[in-house]
Amino acid sequence: MEPTDSPLTTHVLDTASGLPARGLCLRLSWLEDHSQQWMELRTSYTDPDGRCPGLLMPDQMKAGTYKLTFDTEGYWRKRGQESFYPYVEVVFTITSDAQKFHVPLLLSPWSYTTYRGS
């Protein structure tokens, strides 16, 4: 699938080095309406540009609550760096399956920032 085809993407930047966060493991989950339990949809890794395109196929997108879990401890450990946050969870709501969603993460060993991108 081409990245432009995916309705949900993410991009992780390592602000300590000023470079993309290559090889960071992440999981996408969806909150089931009735059971209120998280269902894992996909596990993936960021590419050399820190991007993880194609998290969902267009026909998989539906309104609901989603969660991206980033394994920040594993990422920093591979670089010989201690970190404060073992993981980062970004929970967000998709109200329209007709829109595209981009969830960037700016990451350092001691802080993180996220926002809804375009």
# chains A, B, ... in the order shown; residues from 1 in each chain; ligands from 1
>>> select_by_dssp(residues="chain A", states="alpha helix (DSSP H)", output="JSON, numbers by chain")
{"A": [72, 73, 74, 75, 76, 77, 78]}
>>> residues_around(residues="segment 49-58 of chain A", least_positions_apart="4", cutoff="12 Å", atoms="only C-alpha atoms", output="number ranges by chain")
A: 1-15, 18-30, 40-45, 62, 66-68, 70, 75, 97-107
>>> closest_residue(among="A:Ser83, A:Thr93, A:Thr72, A:Thr65", to="Gln37 of chain A", atoms="only C-alpha atoms")
A:Thr65
>>> closest_residue(among="A:Thr95, A:Ala63, A:Arg116, A:Pro109", to="Gly80 of chain A", atoms="only C-alpha atoms")
A:Pro109
>>> closest_residue(among="A:Arg77, A:Gly64, A:Phe92, A:Tyr112", to="His34 of chain A", atoms="only C-alpha atoms")
A:Gly64
>>> select_by_dssp(residues="segment 36-69 of chain A", states="strand (DSSP E or B)", output="list of chain:residue names")
A:Trp38, A:Met39, A:Glu40, A:Leu41, A:Arg42, A:Thr43, A:Ser44, A:Tyr45, A:Arg51, A:Gly64, A:Thr65, A:Tyr66, A:Lys67, A:Leu68, A:Thr69
>>> atom_distance(atom1="atom CA of Ser96 of chain A", atom2="atom CA of Asp71 of chain A")
27.8 Å
>>> atom_distance(atom1="atom CA of Thr46 of chain A", atom2="atom CA of Glu32 of chain A")
25.7 Å
>>> atom_distance(atom1="atom CA of Glu89 of chain A", atom2="atom CA of Thr114 of chain A")
10.2 Å
>>> decode(residues="segment 49-64 of chain A", atoms="all heavy atoms", output="PDB file, in the first residue's frame")
ATOM      1  N   ASP A  49      12.945   6.987   7.647  1.00  0.00           N
ATOM      2  CA  ASP A  49      12.540   8.391   7.757  1.00  0.00           C
ATOM      3  C   ASP A  49      11.688   8.637   9.013  1.00  0.00           C
ATOM      4  O   ASP A  49      11.131   9.714   9.180  1.00  0.00           O
ATOM      5  CB  ASP A  49      11.775   8.801   6.491  1.00  0.00           C
ATOM      6  CG  ASP A  49      11.594  10.298   6.385  1.00  0.00           C
ATOM      7  OD1 ASP A  49      12.516  11.051   6.790  1.00  0.00           O
ATOM      8  OD2 ASP A  49      10.526  10.738   5.931  1.00  0.00           O
ATOM      9  N   GLY A  50      11.555   7.626   9.885  1.00  0.00           N
ATOM     10  CA  GLY A  50      10.769   7.775  11.105  1.00  0.00           C
ATOM     11  C   GLY A  50       9.272   7.671  10.880  1.00  0.00           C
ATOM     12  O   GLY A  50       8.484   7.929  11.783  1.00  0.00           O
ATOM     13  N   ARG A  51       8.883   7.279   9.691  1.00  0.00           N
ATOM     14  CA  ARG A  51       7.457   7.205   9.358  1.00  0.00           C
ATOM     15  C   ARG A  51       6.950   5.770   9.437  1.00  0.00           C
ATOM     16  O   ARG A  51       7.703   4.821   9.273  1.00  0.00           O
ATOM     17  CB  ARG A  51       7.206   7.752   7.954  1.00  0.00           C
ATOM     18  CG  ARG A  51       7.552   9.212   7.829  1.00  0.00           C
ATOM     19  CD  ARG A  51       7.318   9.727   6.411  1.00  0.00           C
ATOM     20  NE  ARG A  51       7.755  11.093   6.292  1.00  0.00           N
ATOM     21  CZ  ARG A  51       7.039  12.163   6.635  1.00  0.00           C
ATOM     22  NH1 ARG A  51       5.822  12.003   7.122  1.00  0.00           N
ATOM     23  NH2 ARG A  51       7.529  13.378   6.492  1.00  0.00           N
ATOM     24  N   CYS A  52       5.655   5.666   9.667  1.00  0.00           N
ATOM     25  CA  CYS A  52       5.008   4.362   9.655  1.00  0.00           C
ATOM     26  C   CYS A  52       3.726   4.511   8.831  1.00  0.00           C
ATOM     27  O   CYS A  52       2.629   4.662   9.378  1.00  0.00           O
ATOM     28  CB  CYS A  52       4.713   3.901  11.076  1.00  0.00           C
ATOM     29  SG  CYS A  52       4.242   2.174  11.139  1.00  0.00           S
ATOM     30  N   PRO A  53       3.889   4.509   7.526  1.00  0.00           N
ATOM     31  CA  PRO A  53       2.721   4.666   6.668  1.00  0.00           C
ATOM     32  C   PRO A  53       1.892   3.389   6.641  1.00  0.00           C
ATOM     33  O   PRO A  53       2.379   2.313   6.974  1.00  0.00           O
ATOM     34  CB  PRO A  53       3.329   4.946   5.293  1.00  0.00           C
ATOM     35  CG  PRO A  53       4.652   4.263   5.333  1.00  0.00           C
ATOM     36  CD  PRO A  53       5.121   4.348   6.764  1.00  0.00           C
ATOM     37  N   GLY A  54       0.659   3.530   6.262  1.00  0.00           N
ATOM     38  CA  GLY A  54      -0.174   2.353   6.058  1.00  0.00           C
ATOM     39  C   GLY A  54      -0.560   1.619   7.316  1.00  0.00           C
ATOM     40  O   GLY A  54      -0.642   0.399   7.315  1.00  0.00           O
ATOM     41  N   LEU A  55      -0.812   2.344   8.388  1.00  0.00           N
ATOM     42  CA  LEU A  55      -1.234   1.678   9.617  1.00  0.00           C
ATOM     43  C   LEU A  55      -2.580   0.995   9.459  1.00  0.00           C
ATOM     44  O   LEU A  55      -2.832  -0.039  10.063  1.00  0.00           O
ATOM     45  CB  LEU A  55      -1.299   2.680  10.766  1.00  0.00           C
ATOM     46  CG  LEU A  55       0.057   3.128  11.311  1.00  0.00           C
ATOM     47  CD1 LEU A  55      -0.116   4.295  12.263  1.00  0.00           C
ATOM     48  CD2 LEU A  55       0.765   1.979  11.991  1.00  0.00           C
ATOM     49  N   LEU A  56      -3.443   1.587   8.669  1.00  0.00           N
ATOM     50  CA  LEU A  56      -4.760   1.004   8.374  1.00  0.00           C
ATOM     51  C   LEU A  56      -4.997   1.036   6.875  1.00  0.00           C
ATOM     52  O   LEU A  56      -4.644   2.009   6.218  1.00  0.00           O
ATOM     53  CB  LEU A  56      -5.877   1.816   9.031  1.00  0.00           C
ATOM     54  CG  LEU A  56      -6.109   1.682  10.518  1.00  0.00           C
ATOM     55  CD1 LEU A  56      -7.207   2.641  10.962  1.00  0.00           C
ATOM     56  CD2 LEU A  56      -6.477   0.263  10.894  1.00  0.00           C
ATOM     57  N   MET A  57      -5.608   0.006   6.364  1.00  0.00           N
ATOM     58  CA  MET A  57      -6.069   0.024   4.980  1.00  0.00           C
ATOM     59  C   MET A  57      -7.319   0.904   4.937  1.00  0.00           C
ATOM     60  O   MET A  57      -8.036   0.995   5.949  1.00  0.00           O
ATOM     61  CB  MET A  57      -6.418  -1.393   4.508  1.00  0.00           C
ATOM     62  CG  MET A  57      -5.259  -2.367   4.575  1.00  0.00           C
ATOM     63  SD  MET A  57      -4.007  -2.022   3.360  1.00  0.00           S
ATOM     64  CE  MET A  57      -4.801  -2.688   1.907  1.00  0.00           C
ATOM     65  N   PRO A  58      -7.587   1.540   3.810  1.00  0.00           N
ATOM     66  CA  PRO A  58      -8.770   2.406   3.752  1.00  0.00           C
ATOM     67  C   PRO A  58     -10.070   1.711   4.175  1.00  0.00           C
ATOM     68  O   PRO A  58     -10.905   2.308   4.841  1.00  0.00           O
ATOM     69  CB  PRO A  58      -8.810   2.835   2.285  1.00  0.00           C
ATOM     70  CG  PRO A  58      -7.383   2.798   1.855  1.00  0.00           C
ATOM     71  CD  PRO A  58      -6.790   1.616   2.586  1.00  0.00           C
ATOM     72  N   ASP A  59     -10.222   0.428   3.852  1.00  0.00           N
ATOM     73  CA  ASP A  59     -11.460  -0.272   4.212  1.00  0.00           C
ATOM     74  C   ASP A  59     -11.497  -0.691   5.689  1.00  0.00           C
ATOM     75  O   ASP A  59     -12.520  -1.147   6.182  1.00  0.00           O
ATOM     76  CB  ASP A  59     -11.683  -1.480   3.306  1.00  0.00           C
ATOM     77  CG  ASP A  59     -10.590  -2.524   3.420  1.00  0.00           C
ATOM     78  OD1 ASP A  59      -9.499  -2.209   3.936  1.00  0.00           O
ATOM     79  OD2 ASP A  59     -10.827  -3.661   2.986  1.00  0.00           O
ATOM     80  N   GLN A  60     -10.386  -0.527   6.419  1.00  0.00           N
ATOM     81  CA  GLN A  60     -10.349  -0.848   7.852  1.00  0.00           C
ATOM     82  C   GLN A  60     -10.744   0.342   8.722  1.00  0.00           C
ATOM     83  O   GLN A  60     -11.054   0.168   9.892  1.00  0.00           O
ATOM     84  CB  GLN A  60      -8.946  -1.281   8.265  1.00  0.00           C
ATOM     85  CG  GLN A  60      -8.502  -2.599   7.697  1.00  0.00           C
ATOM     86  CD  GLN A  60      -7.077  -2.895   8.122  1.00  0.00           C
ATOM     87  OE1 GLN A  60      -6.158  -2.137   7.834  1.00  0.00           O
ATOM     88  NE2 GLN A  60      -6.896  -4.005   8.797  1.00  0.00           N
ATOM     89  N   MET A  61     -10.688   1.528   8.168  1.00  0.00           N
ATOM     90  CA  MET A  61     -10.956   2.743   8.944  1.00  0.00           C
ATOM     91  C   MET A  61     -12.426   2.823   9.302  1.00  0.00           C
ATOM     92  O   MET A  61     -13.288   2.668   8.455  1.00  0.00           O
ATOM     93  CB  MET A  61     -10.560   3.982   8.136  1.00  0.00           C
ATOM     94  CG  MET A  61     -10.803   5.278   8.856  1.00  0.00           C
ATOM     95  SD  MET A  61      -9.678   5.536  10.210  1.00  0.00           S
ATOM     96  CE  MET A  61      -8.533   6.610   9.412  1.00  0.00           C
ATOM     97  N   LYS A  62     -12.690   3.013  10.585  1.00  0.00           N
ATOM     98  CA  LYS A  62     -14.060   3.240  11.034  1.00  0.00           C
ATOM     99  C   LYS A  62     -14.027   4.193  12.219  1.00  0.00           C
ATOM    100  O   LYS A  62     -12.994   4.331  12.896  1.00  0.00           O
ATOM    101  CB  LYS A  62     -14.760   1.933  11.381  1.00  0.00           C
ATOM    102  CG  LYS A  62     -14.091   1.102  12.443  1.00  0.00           C
ATOM    103  CD  LYS A  62     -14.843  -0.210  12.619  1.00  0.00           C
ATOM    104  CE  LYS A  62     -14.102  -1.135  13.548  1.00  0.00           C
ATOM    105  NZ  LYS A  62     -14.793  -2.403  13.729  1.00  0.00           N
ATOM    106  N   ALA A  63     -15.120   4.846  12.457  1.00  0.00           N
ATOM    107  CA  ALA A  63     -15.200   5.778  13.584  1.00  0.00           C
ATOM    108  C   ALA A  63     -14.972   5.018  14.881  1.00  0.00           C
ATOM    109  O   ALA A  63     -15.385   3.869  15.028  1.00  0.00           O
ATOM    110  CB  ALA A  63     -16.559   6.472  13.592  1.00  0.00           C
ATOM    111  N   GLY A  64     -14.287   5.670  15.820  1.00  0.00           N
ATOM    112  CA  GLY A  64     -14.042   5.044  17.109  1.00  0.00           C
ATOM    113  C   GLY A  64     -12.819   5.615  17.785  1.00  0.00           C
ATOM    114  O   GLY A  64     -12.219   6.582  17.322  1.00  0.00           O
TER     115      GLY A  64
END
